[in-house]
Amino acid sequence: MSNSINLAELPQETKIYYSKGKAILRMALLLVCLAAGIYLLAQPNAKLAGGVVCAVTILVSAINIRIFANNAPQIIVNKDGLETSKAPFYPWSKISNEEVVRRFNGKVNIYYLNYNYPGGQVSVRLNSMACKANELGELLKDYRGQAQPAS
């Protein structure tokens, strides 16, 4: 059974952004890690470990803040084509093999939007996006289907 939405309900365009909620949750976890690092710094035999934990936490926090502050859409899809933060807009006629794939890295599933276009191949990580991977997969099918009317 398909999860596709009724084409009459399909918006003219869908813009997918980084999820602010996911970024806030990551920041909360990073604050806990920073507190643990500071605690370790106060322990006489764990200063090195505390320093490493603090340094890594600060680095990951900086990356997370950059994601949180990014208000630009990462994926724009409509009946005419597709654009991502990694590739300019191309019409559906120039895009091939678009798919949402799941890769397991041994701990968690990581989802990607992959597709080919005249400039090469694009792979956009979806885990930090405000759209579920399966929903994006259905949107891609619906918009491409709208671009290619039945003959």
# chains A, B, ... in the order shown; residues from 1 in each chain; ligands from 1
call {"tool": "residues_around", "arguments": {"residues": "A:Ala72", "least_positions_apart": "4", "cutoff": "12 Å", "atoms": "only C-alpha atoms", "output": "MDAnalysis selection string"}}
result
chainID A and resid 15:19 66:68 76 84:85 129
call {"tool": "residues_around", "arguments": {"residues": "A:Gly37", "least_positions_apart": "6", "cutoff": "8 Å", "atoms": "only C-alpha atoms", "output": "number ranges by chain"}}
result
A: 49-54
call {"tool": "write_last_selection", "arguments": {"atoms": "N, CA and C atoms", "output": "CSV table (one decimal), in the first residue's frame"}}
result
chain,number,residue,atom,x,y,z
A,49,ALA,N,41.6,13.0,29.9
A,49,ALA,CA,40.3,12.5,29.4
A,49,ALA,C,39.3,13.7,29.4
A,50,GLY,N,39.3,14.4,30.5
A,50,GLY,CA,38.4,15.6,30.6
A,50,GLY,C,38.6,16.6,29.5
A,51,GLY,N,39.9,16.9,29.2
A,51,GLY,CA,40.3,17.8,28.1
A,51,GLY,C,39.8,17.3,26.8
A,52,VAL,N,40.0,16.0,26.5
A,52,VAL,CA,39.6,15.4,25.2
A,52,VAL,C,38.1,15.5,25.1
A,53,VAL,N,37.3,15.1,26.2
A,53,VAL,CA,35.9,15.2,26.1
A,53,VAL,C,35.4,16.6,25.9
A,54,CYS,N,36.0,17.6,26.6
A,54,CYS,CA,35.6,19.0,26.4
A,54,CYS,C,35.9,19.5,25.0
call {"tool": "select_by_dssp", "arguments": {"residues": "chain A", "states": "strand (DSSP E)", "output": "PyMOL selection string"}}
result
chain A and resi 13-16+75-78+81-84+87-91+96-104+109-117+120-125
call {"tool": "write_last_selection", "arguments": {"atoms": "N, CA and C atoms", "output": "compact mmCIF listing (two decimals), in the first residue's frame"}}
result
# COMPACT_ATOMS: atom_id res chain seq x y z
N GLU A 13 5.33 23.17 -4.36
CA GLU A 13 6.75 22.98 -4.10
C GLU A 13 6.92 22.59 -2.64
N THR A 14 7.89 21.74 -2.38
CA THR A 14 8.20 21.35 -1.01
C THR A 14 9.65 21.72 -0.73
N LYS A 15 9.84 22.46 0.36
CA LYS A 15 11.18 22.84 0.80
C LYS A 15 11.47 22.10 2.10
N ILE A 16 12.63 21.47 2.15
CA ILE A 16 13.01 20.70 3.32
C ILE A 16 14.22 21.36 3.97
N ILE A 75 16.73 20.95 0.55
CA ILE A 75 16.16 20.24 -0.60
C ILE A 75 14.92 21.00 -1.04
N ILE A 76 14.81 21.25 -2.33
CA ILE A 76 13.61 21.85 -2.91
C ILE A 76 13.17 20.93 -4.03
N VAL A 77 11.94 20.47 -3.94
CA VAL A 77 11.42 19.55 -4.94
C VAL A 77 10.04 20.04 -5.40
N ASN A 78 9.81 19.95 -6.70
CA ASN A 78 8.50 20.30 -7.26
C ASN A 78 8.28 19.50 -8.53
N GLY A 81 11.30 19.79 -11.07
CA GLY A 81 12.62 19.22 -10.84
C GLY A 81 13.03 19.24 -9.39
N LEU A 82 14.34 19.22 -9.19
CA LEU A 82 14.91 19.03 -7.86
C LEU A 82 16.16 19.89 -7.70
N GLU A 83 16.31 20.46 -6.52
CA GLU A 83 17.50 21.24 -6.16
C GLU A 83 17.89 20.86 -4.74
N THR A 84 19.18 20.78 -4.48
CA THR A 84 19.64 20.53 -3.12
C THR A 84 20.73 21.54 -2.77
N ALA A 87 23.65 20.75 -5.09
CA ALA A 87 23.54 20.82 -6.56
C ALA A 87 22.46 21.82 -6.94
N PRO A 88 22.64 22.53 -8.04
CA PRO A 88 21.63 23.49 -8.48
C PRO A 88 20.38 22.79 -9.00
N PHE A 89 19.37 23.58 -9.31
CA PHE A 89 18.12 23.04 -9.82
C PHE A 89 18.35 22.37 -11.18
N TYR A 90 17.75 21.20 -11.34
CA TYR A 90 17.72 20.51 -12.63
C TYR A 90 16.32 19.97 -12.84
N PRO A 91 15.84 20.01 -14.08
CA PRO A 91 14.52 19.44 -14.37
C PRO A 91 14.58 17.91 -14.27
N SER A 96 18.33 11.39 -12.83
CA SER A 96 18.07 9.95 -12.90
C SER A 96 18.47 9.27 -11.59
N ASN A 97 17.93 8.10 -11.41
CA ASN A 97 18.27 7.23 -10.27
C ASN A 97 18.08 7.91 -8.92
N GLU A 98 17.07 8.77 -8.79
CA GLU A 98 16.85 9.40 -7.49
C GLU A 98 16.24 8.36 -6.55
N GLU A 99 16.83 8.28 -5.38
CA GLU A 99 16.33 7.32 -4.40
C GLU A 99 16.78 7.73 -3.00
N VAL A 100 15.98 7.32 -2.04
CA VAL A 100 16.34 7.48 -0.64
C VAL A 100 16.88 6.13 -0.19
N VAL A 101 18.10 6.13 0.31
CA VAL A 101 18.74 4.88 0.71
C VAL A 101 19.09 4.92 2.20
N ARG A 102 19.16 3.73 2.77
CA ARG A 102 19.52 3.60 4.18
C ARG A 102 20.84 2.83 4.25
N ARG A 103 21.75 3.37 5.03
CA ARG A 103 23.01 2.68 5.28
C ARG A 103 23.15 2.49 6.79
N PHE A 104 23.55 1.32 7.18
CA PHE A 104 23.76 1.02 8.60
C PHE A 104 25.25 1.09 8.87
N ASN A 109 21.11 3.79 11.69
CA ASN A 109 20.79 3.91 10.27
C ASN A 109 21.04 5.35 9.85
N ILE A 110 21.68 5.52 8.71
CA ILE A 110 21.89 6.84 8.13
C ILE A 110 21.19 6.85 6.78
N TYR A 111 20.34 7.85 6.57
CA TYR A 111 19.56 7.94 5.34
C TYR A 111 20.15 9.01 4.44
N TYR A 112 20.11 8.73 3.13
CA TYR A 112 20.64 9.65 2.12
C TYR A 112 19.66 9.78 0.97
N LEU A 113 19.61 10.96 0.38
CA LEU A 113 18.98 11.16 -0.91
C LEU A 113 20.11 11.12 -1.92
N ASN A 114 20.06 10.17 -2.83
CA ASN A 114 21.06 10.04 -3.89
C ASN A 114 20.38 10.25 -5.24
N TYR A 115 21.06 10.93 -6.14
CA TYR A 115 20.57 11.04 -7.51
C TYR A 115 21.71 11.46 -8.43
N ASN A 116 21.50 11.20 -9.71
CA ASN A 116 22.46 11.61 -10.74
C ASN A 116 21.88 12.80 -11.49
N TYR A 117 22.76 13.69 -11.89
CA TYR A 117 22.38 14.85 -12.70
C TYR A 117 23.55 15.14 -13.63
N GLY A 120 27.09 15.28 -12.24
CA GLY A 120 27.64 14.17 -11.46
C GLY A 120 26.58 13.49 -10.60
N GLN A 121 27.01 13.06 -9.43
CA GLN A 121 26.12 12.37 -8.50
C GLN A 121 26.04 13.17 -7.21
N VAL A 122 24.84 13.20 -6.62
CA VAL A 122 24.62 13.92 -5.38
C VAL A 122 24.21 12.93 -4.30
N SER A 123 24.71 13.16 -3.09
CA SER A 123 24.31 12.37 -1.93
C SER A 123 24.10 13.35 -0.78
N VAL A 124 22.86 13.48 -0.32
CA VAL A 124 22.51 14.41 0.76
C VAL A 124 22.08 13.59 1.97
N ARG A 125 22.76 13.79 3.07
CA ARG A 125 22.39 13.08 4.31
C ARG A 125 21.09 13.65 4.84
call {"tool": "atom_distance", "arguments": {"atom1": "atom CA of A:Ala130", "atom2": "atom CA of A:Lys20"}}
result
7.7 Å
call {"tool": "residues_around", "arguments": {"residues": "A:Val60", "least_positions_apart": "3", "cutoff": "12 Å", "atoms": "only C-alpha atoms", "output": "list in words"}}
result
Ala23, Arg26, Met27, Leu29, Leu30, Leu31, Cys33, Leu34, Val53, Cys54, Ala55, Val56, Thr57, Ile63, Asn64, Ile65, Arg66 and Ile67 of chain A
call {"tool": "atom_distance", "arguments": {"atom1": "atom CA of A:Asn127", "atom2": "atom CA of A:Leu59"}}
result
19.3 Å
call {"tool": "select_by_dssp", "arguments": {"residues": "stretch 18-137 of chain A", "states": "helix (DSSP H, G or I)", "output": "VMD selection string"}}
result
chain A and resid 20 to 42 47 to 69 92 to 94 133 to 137
